[in-house]
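A.B. asks: Just passing along the structure, written as structure tokens.
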Amino acid sequence: MAEMVKDVVCGMDVDPESAPAQTEHEGKTYYFCAPGCKTDFDGNPQKYLSPDYVPDAMGEEQPAKRWWEFWK
Ligand SMILES: [Zn+2]
């Protein structure tokens, strides 16, 4: 089994041998689970490589606002 790499956009594990999309950034190759993730990465690589970026787990929706947040 090939070594899995992380899709830095969504956090999924991707098999480099069958990754649907890949891109090069500063001499490194990044693999993505879908062309859409590559597009997002190409649009703003710094965002996704930042240690502060937390992958949007499996395309989960934004958490619904709690009722008390409407009062701010
Ligand atoms: Zn992805």
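In the structure tokens, chains take the letters A, B, ... in the order shown, each chain's residues start at 1, and ligands count up from 1 in the order shown.
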Enumerate as a PyMOL selection string the residues within 8 Å of ligand 1, counting only C-alpha atoms and all ligand atoms.

C.D. replies: chain A and resi 7-12+32-34+36-38+58

A.B. asks: Excluding Thr29 in chain A and any residue of its chain fewer than 2 positions from it, enumerate the residues within 12 Å of it, using only C-alpha atoms, and give them as a PyMOL selection string.

C.D. replies: chain A and resi 5-8+16+19+21-27+31-32+38+41-42

A.B. asks: One decimal, in Å: what's the spacing between CA of Val14 in chain A and CA of Tyr53 in chain A?

C.D. replies: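 Answer for the CA of Val14 in chain A to CA of Tyr53 in chain A separation: 18.5 Å.
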
A.B. asks: Residues near Asp15 in chain A, anyone? I mean within 7 Å using only C-alpha atoms, not counting same-chain ones fewer than 6 positions away, as a compact mmCIF listing (two decimals) with N, CA and C atoms, in the first residue's frame.

C.D. replies:
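Saved the output as result.txt:
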```txt
# COMPACT_ATOMS: atom_id res chain seq x y z
N ALA A 2 0.52 2.18 -0.83
CA ALA A 2 1.30 3.42 -0.94
C ALA A 2 1.11 4.26 0.32
N GLU A 3 2.08 5.08 0.54
CA GLU A 3 1.99 5.98 1.69
C GLU A 3 0.96 7.06 1.42
N MET A 4 0.12 7.31 2.41
CA MET A 4 -0.91 8.32 2.23
C MET A 4 -0.35 9.70 2.60
N VAL A 5 -0.83 10.68 1.86
CA VAL A 5 -0.45 12.05 2.20
C VAL A 5 -1.72 12.83 2.52
```

A.B. asks: Check range 23-53 of chain A with DSSP on the backbone and list each residue it calls strand (DSSP E or B), as a ChimeraX atom specification.

C.D. replies: /A:23-25,28-32

A.B. asks: Using Å and a single decimal, report how far CA of Gly43 in chain A sits from CA of Pro55 in chain A.

C.D. replies: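 Going from CA of Pro55 in chain A over to CA of Gly43 in chain A, I get 15.7 Å.
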